[in-house]
>>> print(open('my_file.cif').read())   # mmCIF, C-alpha atoms; chains and numbers go by the auth columns
data_model
loop_
_atom_site.group_PDB
_atom_site.id
_atom_site.type_symbol
_atom_site.label_atom_id
_atom_site.label_comp_id
_atom_site.label_asym_id
_atom_site.label_seq_id
_atom_site.Cartn_x
_atom_site.Cartn_y
_atom_site.Cartn_z
_atom_site.B_iso_or_equiv
_atom_site.auth_seq_id
_atom_site.auth_asym_id
ATOM 1 C CA ASN A 1 5.869 -1.766 -19.345 0.00 254 A
ATOM 2 C CA ALA A 2 7.046 0.799 -16.763 0.00 255 A
ATOM 3 C CA GLY A 3 3.968 0.861 -14.476 0.00 256 A
ATOM 4 C CA VAL A 4 4.404 3.600 -11.854 0.00 257 A
ATOM 5 C CA THR A 5 7.634 5.586 -11.992 0.00 258 A
ATOM 6 C CA GLN A 6 8.799 7.736 -9.093 0.00 259 A
ATOM 7 C CA THR A 7 11.685 10.167 -9.059 0.00 260 A
ATOM 8 C CA PRO A 8 13.998 10.680 -7.310 0.00 261 A
ATOM 9 C CA LYS A 9 14.711 7.418 -5.487 0.00 262 A
ATOM 10 C CA PHE A 10 16.729 9.085 -2.738 0.00 263 A
ATOM 11 C CA GLN A 11 16.926 12.680 -1.536 0.00 264 A
ATOM 12 C CA VAL A 12 18.499 14.536 1.374 0.00 265 A
ATOM 13 C CA LEU A 13 17.117 17.978 2.161 0.00 266 A
ATOM 14 C CA LYS A 14 18.015 20.589 4.696 0.00 267 A
ATOM 15 C CA THR A 15 15.264 21.891 6.956 0.00 268 A
ATOM 16 C CA GLY A 16 13.325 24.608 5.152 0.00 269 A
ATOM 17 C CA GLN A 17 14.238 23.520 1.630 0.00 270 A
ATOM 18 C CA SER A 18 11.542 22.673 -0.868 0.00 271 A
ATOM 19 C CA MET A 19 11.276 19.861 -3.367 0.00 272 A
ATOM 20 C CA THR A 20 8.825 18.066 -5.622 0.00 273 A
ATOM 21 C CA LEU A 21 8.448 14.315 -5.828 0.00 274 A
ATOM 22 C CA GLN A 22 7.400 13.174 -9.267 0.00 275 A
ATOM 23 C CA CYS A 23 5.120 10.277 -10.118 0.00 276 A
ATOM 24 C CA ALA A 24 3.963 9.054 -13.516 0.00 277 A
ATOM 25 C CA GLN A 25 1.945 6.005 -14.555 0.00 278 A
ATOM 26 C CA ASP A 26 1.494 4.550 -18.015 0.00 279 A
ATOM 27 C CA MET A 27 -1.458 2.237 -17.286 0.00 280 A
ATOM 28 C CA ASN A 28 -4.213 4.762 -18.028 0.00 281 A
ATOM 29 C CA HIS A 29 -5.353 4.597 -14.390 0.00 282 A
ATOM 30 C CA ASN A 30 -7.866 7.149 -13.176 0.00 283 A
ATOM 31 C CA SER A 31 -6.875 7.381 -9.523 0.00 284 A
ATOM 32 C CA MET A 32 -3.498 8.226 -8.032 0.00 285 A
ATOM 33 C CA TYR A 33 -2.279 8.381 -4.443 0.00 286 A
ATOM 34 C CA TRP A 34 0.622 9.548 -2.308 0.00 287 A
ATOM 35 C CA TYR A 35 1.491 7.631 0.870 0.00 288 A
ATOM 36 C CA ARG A 36 4.234 7.891 3.401 0.00 289 A
ATOM 37 C CA GLN A 37 5.514 4.898 5.328 0.00 290 A
ATOM 38 C CA ASP A 38 7.264 5.196 8.670 0.00 291 A
ATOM 39 C CA PRO A 39 8.442 2.401 10.990 0.00 292 A
ATOM 40 C CA GLY A 40 5.573 1.247 13.176 0.00 293 A
ATOM 41 C CA MET A 41 3.092 3.595 11.474 0.00 294 A
ATOM 42 C CA GLY A 42 2.179 1.657 8.367 0.00 295 A
ATOM 43 C CA LEU A 43 1.083 3.351 5.159 0.00 296 A
ATOM 44 C CA ARG A 44 -0.532 6.741 5.696 0.00 297 A
ATOM 45 C CA LEU A 45 -2.364 8.555 2.928 0.00 298 A
ATOM 46 C CA ILE A 46 -1.154 12.093 2.270 0.00 299 A
ATOM 47 C CA TYR A 47 -3.222 13.161 -0.762 0.00 300 A
ATOM 48 C CA TYR A 48 -5.095 11.463 -3.533 0.00 301 A
ATOM 49 C CA SER A 49 -6.590 12.236 -6.902 0.00 302 A
ATOM 50 C CA ALA A 50 -9.689 10.235 -7.737 0.00 303 A
ATOM 51 C CA SER A 51 -9.609 11.414 -11.329 0.00 304 A
ATOM 52 C CA GLU A 52 -7.831 13.910 -13.543 0.00 305 A
ATOM 53 C CA GLY A 53 -8.567 17.424 -12.335 0.00 306 A
ATOM 54 C CA THR A 54 -9.430 16.517 -8.732 0.00 307 A
ATOM 55 C CA THR A 55 -7.318 16.249 -5.589 0.00 308 A
ATOM 56 C CA ASP A 56 -8.265 15.606 -1.963 0.00 309 A
ATOM 57 C CA LYS A 57 -6.564 15.478 1.396 0.00 310 A
ATOM 58 C CA GLY A 58 -5.818 12.203 3.061 0.00 311 A
ATOM 59 C CA GLU A 59 -4.913 11.378 6.635 0.00 312 A
ATOM 60 C CA VAL A 60 -1.687 13.434 6.915 0.00 313 A
ATOM 61 C CA PRO A 61 -1.778 16.350 4.419 0.00 314 A
ATOM 62 C CA ASN A 62 -0.132 19.060 6.520 0.00 315 A
ATOM 63 C CA GLY A 63 3.101 20.354 5.003 0.00 316 A
ATOM 64 C CA TYR A 64 2.366 18.939 1.541 0.00 317 A
ATOM 65 C CA ASN A 65 0.722 20.042 -1.672 0.00 318 A
ATOM 66 C CA VAL A 66 -0.100 18.071 -4.814 0.00 319 A
ATOM 67 C CA SER A 67 -0.740 18.651 -8.473 0.00 320 A
ATOM 68 C CA ARG A 68 -2.496 16.284 -10.858 0.00 321 A
ATOM 69 C CA LEU A 69 -0.806 17.607 -13.967 0.00 322 A
ATOM 70 C CA ASN A 70 -2.649 15.275 -16.353 0.00 323 A
ATOM 71 C CA LYS A 71 -3.966 11.730 -16.254 0.00 324 A
ATOM 72 C CA ARG A 72 -0.440 10.295 -16.110 0.00 325 A
ATOM 73 C CA GLU A 73 1.300 12.539 -13.602 0.00 326 A
ATOM 74 C CA PHE A 74 0.708 13.331 -9.924 0.00 327 A
ATOM 75 C CA SER A 75 3.361 15.308 -8.062 0.00 328 A
ATOM 76 C CA LEU A 76 3.882 15.897 -4.343 0.00 329 A
ATOM 77 C CA ARG A 77 5.514 19.107 -3.144 0.00 330 A
ATOM 78 C CA LEU A 78 7.138 19.860 0.174 0.00 331 A
ATOM 79 C CA GLU A 79 7.227 23.649 0.482 0.00 332 A
ATOM 80 C CA SER A 80 9.405 23.883 3.603 0.00 333 A
ATOM 81 C CA ALA A 81 10.800 20.527 4.611 0.00 334 A
ATOM 82 C CA ALA A 82 10.891 19.517 8.276 0.00 335 A
ATOM 83 C CA PRO A 83 12.706 16.603 9.961 0.00 336 A
ATOM 84 C CA SER A 84 9.260 15.071 10.702 0.00 337 A
ATOM 85 C CA GLN A 85 8.872 14.590 6.942 0.00 338 A
ATOM 86 C CA THR A 86 11.767 12.140 6.854 0.00 339 A
ATOM 87 C CA SER A 87 10.071 9.045 5.469 0.00 340 A
ATOM 88 C CA VAL A 88 9.658 6.735 2.523 0.00 341 A
ATOM 89 C CA TYR A 89 7.117 8.084 0.048 0.00 342 A
ATOM 90 C CA PHE A 90 5.132 5.837 -2.264 0.00 343 A
ATOM 91 C CA CYS A 91 3.021 6.828 -5.210 0.00 344 A
ATOM 92 C CA ALA A 92 0.297 4.419 -6.300 0.00 345 A
ATOM 93 C CA SER A 93 -2.333 4.252 -8.999 0.00 346 A
ATOM 94 C CA LYS A 94 -5.560 2.307 -9.484 0.00 347 A
ATOM 95 C CA THR A 95 -8.139 1.865 -12.190 0.00 348 A
ATOM 96 C CA SER A 96 -11.384 0.852 -10.457 0.00 349 A
ATOM 97 C CA ALA A 97 -12.827 -0.572 -7.260 0.00 350 A
ATOM 98 C CA ASN A 98 -12.144 -4.225 -8.057 0.00 351 A
ATOM 99 C CA TYR A 99 -8.452 -3.689 -8.619 0.00 352 A
ATOM 100 C CA GLY A 100 -5.624 -3.113 -6.213 0.00 353 A
ATOM 101 C CA TYR A 101 -3.048 -0.380 -6.275 0.00 354 A
ATOM 102 C CA THR A 102 0.110 -0.524 -8.312 0.00 355 A
ATOM 103 C CA PHE A 103 2.909 1.086 -6.336 0.00 356 A
ATOM 104 C CA GLY A 104 5.970 2.923 -7.511 0.00 357 A
ATOM 105 C CA SER A 105 9.386 1.961 -6.172 0.00 358 A
ATOM 106 C CA GLY A 106 9.388 4.737 -3.580 0.00 359 A
ATOM 107 C CA THR A 107 11.403 7.810 -2.645 0.00 360 A
ATOM 108 C CA ARG A 108 13.506 7.685 0.496 0.00 361 A
ATOM 109 C CA LEU A 109 13.618 11.254 1.844 0.00 362 A
ATOM 110 C CA THR A 110 15.808 12.444 4.694 0.00 363 A
ATOM 111 C CA VAL A 111 15.417 15.946 6.106 0.00 364 A
ATOM 112 C CA VAL A 112 18.326 17.114 8.255 0.00 365 A
ATOM 113 C CA GLN B 1 -10.604 0.344 16.773 0.00 123 B
ATOM 114 C CA LYS B 2 -8.590 0.402 13.578 0.00 124 B
ATOM 115 C CA GLU B 3 -10.516 -0.119 10.368 0.00 125 B
ATOM 116 C CA VAL B 4 -8.195 -2.913 9.186 0.00 126 B
ATOM 117 C CA GLU B 5 -6.314 -4.868 11.816 0.00 127 B
ATOM 118 C CA GLN B 6 -3.441 -7.299 11.561 0.00 128 B
ATOM 119 C CA ASN B 7 -1.168 -8.853 14.135 0.00 129 B
ATOM 120 C CA SER B 8 2.190 -7.138 13.662 0.00 130 B
ATOM 121 C CA GLY B 9 4.146 -10.313 14.407 0.00 131 B
ATOM 122 C CA PRO B 10 6.745 -11.424 13.779 0.00 132 B
ATOM 123 C CA LEU B 11 5.190 -14.718 12.775 0.00 133 B
ATOM 124 C CA SER B 12 7.930 -17.305 12.655 0.00 134 B
ATOM 125 C CA VAL B 13 7.430 -20.595 10.792 0.00 135 B
ATOM 126 C CA PRO B 14 9.855 -23.308 9.738 0.00 136 B
ATOM 127 C CA GLU B 15 10.620 -23.858 6.071 0.00 137 B
ATOM 128 C CA GLY B 16 8.019 -26.088 4.454 0.00 138 B
ATOM 129 C CA ALA B 17 5.273 -25.252 6.941 0.00 139 B
ATOM 130 C CA ILE B 18 2.004 -23.412 6.298 0.00 140 B
ATOM 131 C CA ALA B 19 2.029 -19.745 7.260 0.00 141 B
ATOM 132 C CA SER B 20 -1.363 -18.309 8.198 0.00 142 B
ATOM 133 C CA LEU B 21 -1.812 -14.545 8.143 0.00 143 B
ATOM 134 C CA ASN B 22 -5.014 -12.960 9.398 0.00 144 B
ATOM 135 C CA CYS B 23 -6.813 -9.674 8.927 0.00 145 B
ATOM 136 C CA THR B 24 -10.089 -8.264 10.286 0.00 146 B
ATOM 137 C CA TYR B 25 -11.932 -5.228 8.998 0.00 147 B
ATOM 138 C CA SER B 26 -14.612 -2.990 10.434 0.00 148 B
ATOM 139 C CA ASP B 27 -16.786 -2.025 7.441 0.00 149 B
ATOM 140 C CA ARG B 28 -19.344 -4.732 6.754 0.00 150 B
ATOM 141 C CA GLY B 29 -20.039 -3.230 3.322 0.00 151 B
ATOM 142 C CA SER B 30 -16.481 -3.767 2.070 0.00 152 B
ATOM 143 C CA GLN B 31 -16.331 -5.442 -1.330 0.00 153 B
ATOM 144 C CA SER B 32 -12.731 -5.970 -2.420 0.00 154 B
ATOM 145 C CA PHE B 33 -9.820 -7.383 -0.477 0.00 155 B
ATOM 146 C CA PHE B 34 -6.143 -7.524 -1.308 0.00 156 B
ATOM 147 C CA TRP B 35 -2.920 -8.948 0.034 0.00 157 B
ATOM 148 C CA TYR B 36 0.394 -7.222 -0.609 0.00 158 B
ATOM 149 C CA ARG B 37 3.895 -8.506 0.066 0.00 159 B
ATOM 150 C CA GLN B 38 6.580 -5.982 0.980 0.00 160 B
ATOM 151 C CA TYR B 39 10.224 -6.939 1.220 0.00 161 B
ATOM 152 C CA SER B 40 12.434 -4.757 3.387 0.00 162 B
ATOM 153 C CA GLY B 41 13.350 -1.570 1.545 0.00 163 B
ATOM 154 C CA LYS B 42 10.992 -2.312 -1.345 0.00 164 B
ATOM 155 C CA SER B 43 7.521 -1.219 -2.368 0.00 165 B
ATOM 156 C CA PRO B 44 4.364 -3.283 -1.717 0.00 166 B
ATOM 157 C CA GLU B 45 3.577 -5.852 -4.393 0.00 167 B
ATOM 158 C CA LEU B 46 0.052 -7.154 -4.997 0.00 168 B
ATOM 159 C CA ILE B 47 -0.058 -10.939 -4.617 0.00 169 B
ATOM 160 C CA MET B 48 -3.731 -11.822 -4.114 0.00 170 B
ATOM 161 C CA SER B 49 -7.165 -10.304 -4.503 0.00 171 B
ATOM 162 C CA ILE B 50 -10.498 -11.765 -3.382 0.00 172 B
ATOM 163 C CA TYR B 51 -14.035 -10.507 -3.734 0.00 173 B
ATOM 164 C CA SER B 52 -16.455 -13.267 -2.678 0.00 174 B
ATOM 165 C CA ASN B 53 -16.747 -15.572 0.302 0.00 175 B
ATOM 166 C CA GLY B 54 -14.638 -18.698 0.220 0.00 176 B
ATOM 167 C CA ASP B 55 -11.170 -19.598 -0.923 0.00 177 B
ATOM 168 C CA LYS B 56 -9.105 -18.418 -3.860 0.00 178 B
ATOM 169 C CA GLU B 57 -5.926 -20.283 -4.702 0.00 179 B
ATOM 170 C CA ASP B 58 -2.932 -19.118 -6.725 0.00 180 B
ATOM 171 C CA GLY B 59 0.077 -21.401 -6.579 0.00 181 B
ATOM 172 C CA ARG B 60 1.241 -21.707 -2.971 0.00 182 B
ATOM 173 C CA PHE B 61 -1.036 -18.853 -1.882 0.00 183 B
ATOM 174 C CA THR B 62 -4.661 -19.174 -0.766 0.00 184 B
ATOM 175 C CA ALA B 63 -6.782 -16.202 0.206 0.00 185 B
ATOM 176 C CA GLN B 64 -9.845 -16.858 2.349 0.00 186 B
ATOM 177 C CA LEU B 65 -12.744 -14.458 2.871 0.00 187 B
ATOM 178 C CA ASN B 66 -15.575 -14.597 5.378 0.00 188 B
ATOM 179 C CA LYS B 67 -17.694 -11.471 5.052 0.00 189 B
ATOM 180 C CA ALA B 68 -20.061 -12.473 7.877 0.00 190 B
ATOM 181 C CA SER B 69 -17.138 -12.574 10.288 0.00 191 B
ATOM 182 C CA GLN B 70 -15.372 -9.641 8.557 0.00 192 B
ATOM 183 C CA TYR B 71 -12.259 -11.709 8.265 0.00 193 B
ATOM 184 C CA VAL B 72 -9.772 -12.310 5.472 0.00 194 B
ATOM 185 C CA SER B 73 -6.721 -14.530 5.638 0.00 195 B
ATOM 186 C CA LEU B 74 -3.737 -15.557 3.538 0.00 196 B
ATOM 187 C CA LEU B 75 -2.272 -19.049 3.686 0.00 197 B
ATOM 188 C CA ILE B 76 1.191 -19.724 2.302 0.00 198 B
ATOM 189 C CA ARG B 77 1.873 -23.414 1.777 0.00 199 B
ATOM 190 C CA ASP B 78 5.371 -24.908 1.701 0.00 200 B
ATOM 191 C CA SER B 79 6.798 -21.664 3.090 0.00 201 B
ATOM 192 C CA GLN B 80 10.232 -20.716 1.811 0.00 202 B
ATOM 193 C CA PRO B 81 12.844 -18.349 3.290 0.00 203 B
ATOM 194 C CA SER B 82 12.155 -16.114 0.274 0.00 204 B
ATOM 195 C CA ASP B 83 8.614 -15.626 1.628 0.00 205 B
ATOM 196 C CA SER B 84 10.058 -13.713 4.583 0.00 206 B
ATOM 197 C CA ALA B 85 8.526 -10.256 4.246 0.00 207 B
ATOM 198 C CA THR B 86 5.813 -8.031 5.645 0.00 208 B
ATOM 199 C CA TYR B 87 2.320 -8.866 4.379 0.00 209 B
ATOM 200 C CA LEU B 88 -0.204 -6.042 4.142 0.00 210 B
ATOM 201 C CA CYS B 89 -3.948 -6.562 4.091 0.00 211 B
ATOM 202 C CA ALA B 90 -5.901 -3.904 2.161 0.00 212 B
ATOM 203 C CA VAL B 91 -9.646 -3.382 1.936 0.00 213 B
ATOM 204 C CA ASN B 92 -11.757 -1.331 -0.457 0.00 214 B
ATOM 205 C CA MET B 93 -14.438 -0.162 1.932 0.00 215 B
ATOM 206 C CA ALA B 94 -17.941 0.861 1.000 0.00 216 B
ATOM 207 C CA ASN B 95 -18.267 4.553 0.129 0.00 217 B
ATOM 208 C CA ALA B 96 -14.497 4.859 -0.176 0.00 218 B
ATOM 209 C CA GLY B 97 -14.508 5.081 -3.938 0.00 219 B
ATOM 210 C CA ASN B 98 -11.271 3.676 -5.274 0.00 220 B
ATOM 211 C CA MET B 99 -9.352 4.094 -2.037 0.00 221 B
ATOM 212 C CA LEU B 100 -7.824 1.187 -0.121 0.00 222 B
ATOM 213 C CA THR B 101 -7.464 1.049 3.652 0.00 223 B
ATOM 214 C CA PHE B 102 -4.374 -0.818 4.802 0.00 224 B
ATOM 215 C CA GLY B 103 -3.647 -2.812 7.908 0.00 225 B
ATOM 216 C CA GLY B 104 -0.357 -2.296 9.676 0.00 226 B
ATOM 217 C CA GLY B 105 1.111 -5.477 8.232 0.00 227 B
ATOM 218 C CA THR B 106 2.348 -8.787 9.611 0.00 228 B
ATOM 219 C CA ARG B 107 6.036 -9.574 9.477 0.00 229 B
ATOM 220 C CA LEU B 108 6.632 -13.183 8.429 0.00 230 B
ATOM 221 C CA MET B 109 9.915 -14.961 9.077 0.00 231 B
ATOM 222 C CA VAL B 110 10.504 -18.362 7.483 0.00 232 B
ATOM 223 C CA LYS B 111 13.413 -20.144 9.117 0.00 233 B
ATOM 224 C CA PRO B 112 15.490 -22.694 7.131 0.00 234 B
#
>>> encode(input="my_file.cif", output="structure tokens")
Amino acid sequence: NAGVTQTPKFQVLKTGQSMTLQCAQDMNHNSMYWYRQDPGMGLRLIYYSASEGTTDKGEVPNGYNVSRLNKREFSLRLESAAPSQTSVYFCASKTSANYGYTFGSGTRLTVV
Amino acid sequence: QKEVEQNSGPLSVPEGAIASLNCTYSDRGSQSFFWYRQYSGKSPELIMSIYSNGDKEDGRFTAQLNKASQYVSLLIRDSQPSDSATYLCAVNMANAGNMLTFGGGTRLMVKP
């Protein structure tokens, strides 16, 4: 049972490059989320998708875009990477209000 | 005032002692409460959930909820060095749909 799978696990980008972080879940969860985690800042919500076909901005959406490709997959795109986007990115999914998130293993992104 | 607050720590306890981790939240209508454990360099892992006032026990872990005081805690009995991690409190607030709001986390250190 894979749970939430994120790729890649590590990535180094040059300033201005673009990339897409992939996330897929096999638990038939309705809601999916992208967070970034920085030292001293905790988990900050970038974008979320409450259900297939919908996406909404979170706390720190600037510089990012998302696509909910289908119920399983939710991708995060950096169009023009900046050093301020150096972070650890977590994808999570959830089925309903009485359940917690299941997190992916994370992507450690460095922008130089 | 943050919506979910935790003391950042570090909380240092000797091996075998009880570790007590605390969390307060601002939304009185919150319904679901979760504790996550996050080892350094890893993703958060759900360890406890609680929905009604009182105590909920699972092995060495006890979650306590007091909705009147807007307070949730996690007790770890017989603390082990392997319990050393950051513990995140998460709350499903009213009108937030499926979204969780996280505290900043408390770093726990269990010393042999």
>>> interface_residues(input="my_file.cif", of="chain B", to="chain A", cutoff="6 Å", atoms="all atoms listed in the file", output="number ranges by chain")
B: 154, 165, 220, 226
>>> atom_distance(input="my_file.cif", atom1="CA of Ala335 (chain A)", atom2="CA of Phe263 (chain A)")
16.3 Å
>>> residues_near_point(input="my_file.cif", point="(-11.6, -13.8, 5.7)", cutoff="8 Å", atoms="all atoms listed in the file", output="list in words")
Asn144, Cys145, Thr146, Asn175, Gly176, Ala185, Gln186, Leu187, Asn188, Lys189, Ser191, Gln192, Tyr193, Val194 and Ser195 of chain B
>>> atom_distance(input="my_file.cif", atom1="CA of Gln128 (chain B)", atom2="CA of Cys211 (chain B)")
7.5 Å
>>> atom_distance(input="my_file.cif", atom1="CA of Gln153 (chain B)", atom2="CA of Asn214 (chain B)")
6.2 Å
>>> closest_residue(input="my_file.cif", among="A:Thr260, A:Asn323, A:Thr308, A:Asn315", to="His282 (chain A)", atoms="all atoms listed in the file")
A:Asn323
>>> closest_residue(input="my_file.cif", among="A:Gln270, A:Thr307, A:Asn281, A:Thr363", to="Arg321 (chain A)", atoms="only C-alpha atoms")
A:Thr307
>>> resolve_selection(input="my_file.cif", expression="the PyMOL selection byres ((chain B and resi 196-205) around 7)", output="list in words")
Glu137, Gly138, Ala139, Ile140, Ala141, Ser142, Leu143, Asn144, Arg182, Phe183, Thr184, Ala185, Gln186, Ser195, Ser206, Ala207, Val232, Lys233 and Pro234 of chain B
>>> closest_residue(input="my_file.cif", among="B:Ala216, B:Leu210, B:Ile172, B:Val135", to="Ser152 (chain B)", atoms="all atoms listed in the file")
B:Ala216
>>> build_atoms(input="my_file.cif", residues="region 195-206 of chain B", atoms="N, CA, C and O atoms", output="mmCIF file, in the frame of the given file")
data_model
loop_
_atom_site.group_PDB
_atom_site.id
_atom_site.type_symbol
_atom_site.label_atom_id
_atom_site.label_comp_id
_atom_site.auth_asym_id
_atom_site.auth_seq_id
_atom_site.Cartn_x
_atom_site.Cartn_y
_atom_site.Cartn_z
ATOM 1 N N SER B 195 -7.994 -13.932 5.263
ATOM 2 C CA SER B 195 -6.721 -14.530 5.638
ATOM 3 C C SER B 195 -5.929 -14.905 4.393
ATOM 4 O O SER B 195 -6.472 -15.001 3.288
ATOM 5 N N LEU B 196 -4.650 -15.114 4.598
ATOM 6 C CA LEU B 196 -3.737 -15.557 3.538
ATOM 7 C C LEU B 196 -2.959 -16.749 4.069
ATOM 8 O O LEU B 196 -2.328 -16.662 5.129
ATOM 9 N N LEU B 197 -3.052 -17.870 3.343
ATOM 10 C CA LEU B 197 -2.272 -19.049 3.686
ATOM 11 C C LEU B 197 -1.143 -19.198 2.669
ATOM 12 O O LEU B 197 -1.368 -19.066 1.466
ATOM 13 N N ILE B 198 0.041 -19.462 3.172
ATOM 14 C CA ILE B 198 1.191 -19.724 2.302
ATOM 15 C C ILE B 198 1.650 -21.145 2.592
ATOM 16 O O ILE B 198 2.125 -21.450 3.693
ATOM 17 N N ARG B 199 1.469 -22.018 1.600
ATOM 18 C CA ARG B 199 1.873 -23.414 1.777
ATOM 19 C C ARG B 199 3.336 -23.574 1.415
ATOM 20 O O ARG B 199 3.888 -22.797 0.615
ATOM 21 N N ASP B 200 3.971 -24.617 2.003
ATOM 22 C CA ASP B 200 5.371 -24.908 1.701
ATOM 23 C C ASP B 200 6.203 -23.616 1.783
ATOM 24 O O ASP B 200 6.891 -23.229 0.837
ATOM 25 N N SER B 201 6.127 -22.959 2.919
ATOM 26 C CA SER B 201 6.798 -21.664 3.090
ATOM 27 C C SER B 201 8.297 -21.780 2.820
ATOM 28 O O SER B 201 8.951 -22.759 3.217
ATOM 29 N N GLN B 202 8.820 -20.769 2.150
ATOM 30 C CA GLN B 202 10.232 -20.716 1.811
ATOM 31 C C GLN B 202 10.874 -19.492 2.476
ATOM 32 O O GLN B 202 10.201 -18.499 2.730
ATOM 33 N N PRO B 203 12.180 -19.540 2.724
ATOM 34 C CA PRO B 203 12.844 -18.349 3.290
ATOM 35 C C PRO B 203 12.598 -17.091 2.453
ATOM 36 O O PRO B 203 12.540 -15.982 3.002
ATOM 37 N N SER B 204 12.415 -17.265 1.141
ATOM 38 C CA SER B 204 12.155 -16.114 0.274
ATOM 39 C C SER B 204 10.769 -15.502 0.508
ATOM 40 O O SER B 204 10.478 -14.413 -0.004
ATOM 41 N N ASP B 205 9.922 -16.193 1.270
ATOM 42 C CA ASP B 205 8.614 -15.626 1.628
ATOM 43 C C ASP B 205 8.720 -14.671 2.813
ATOM 44 O O ASP B 205 7.742 -14.002 3.167
ATOM 45 N N SER B 206 9.859 -14.610 3.443
ATOM 46 C CA SER B 206 10.058 -13.713 4.583
ATOM 47 C C SER B 206 9.890 -12.272 4.119
ATOM 48 O O SER B 206 10.638 -11.782 3.261
#
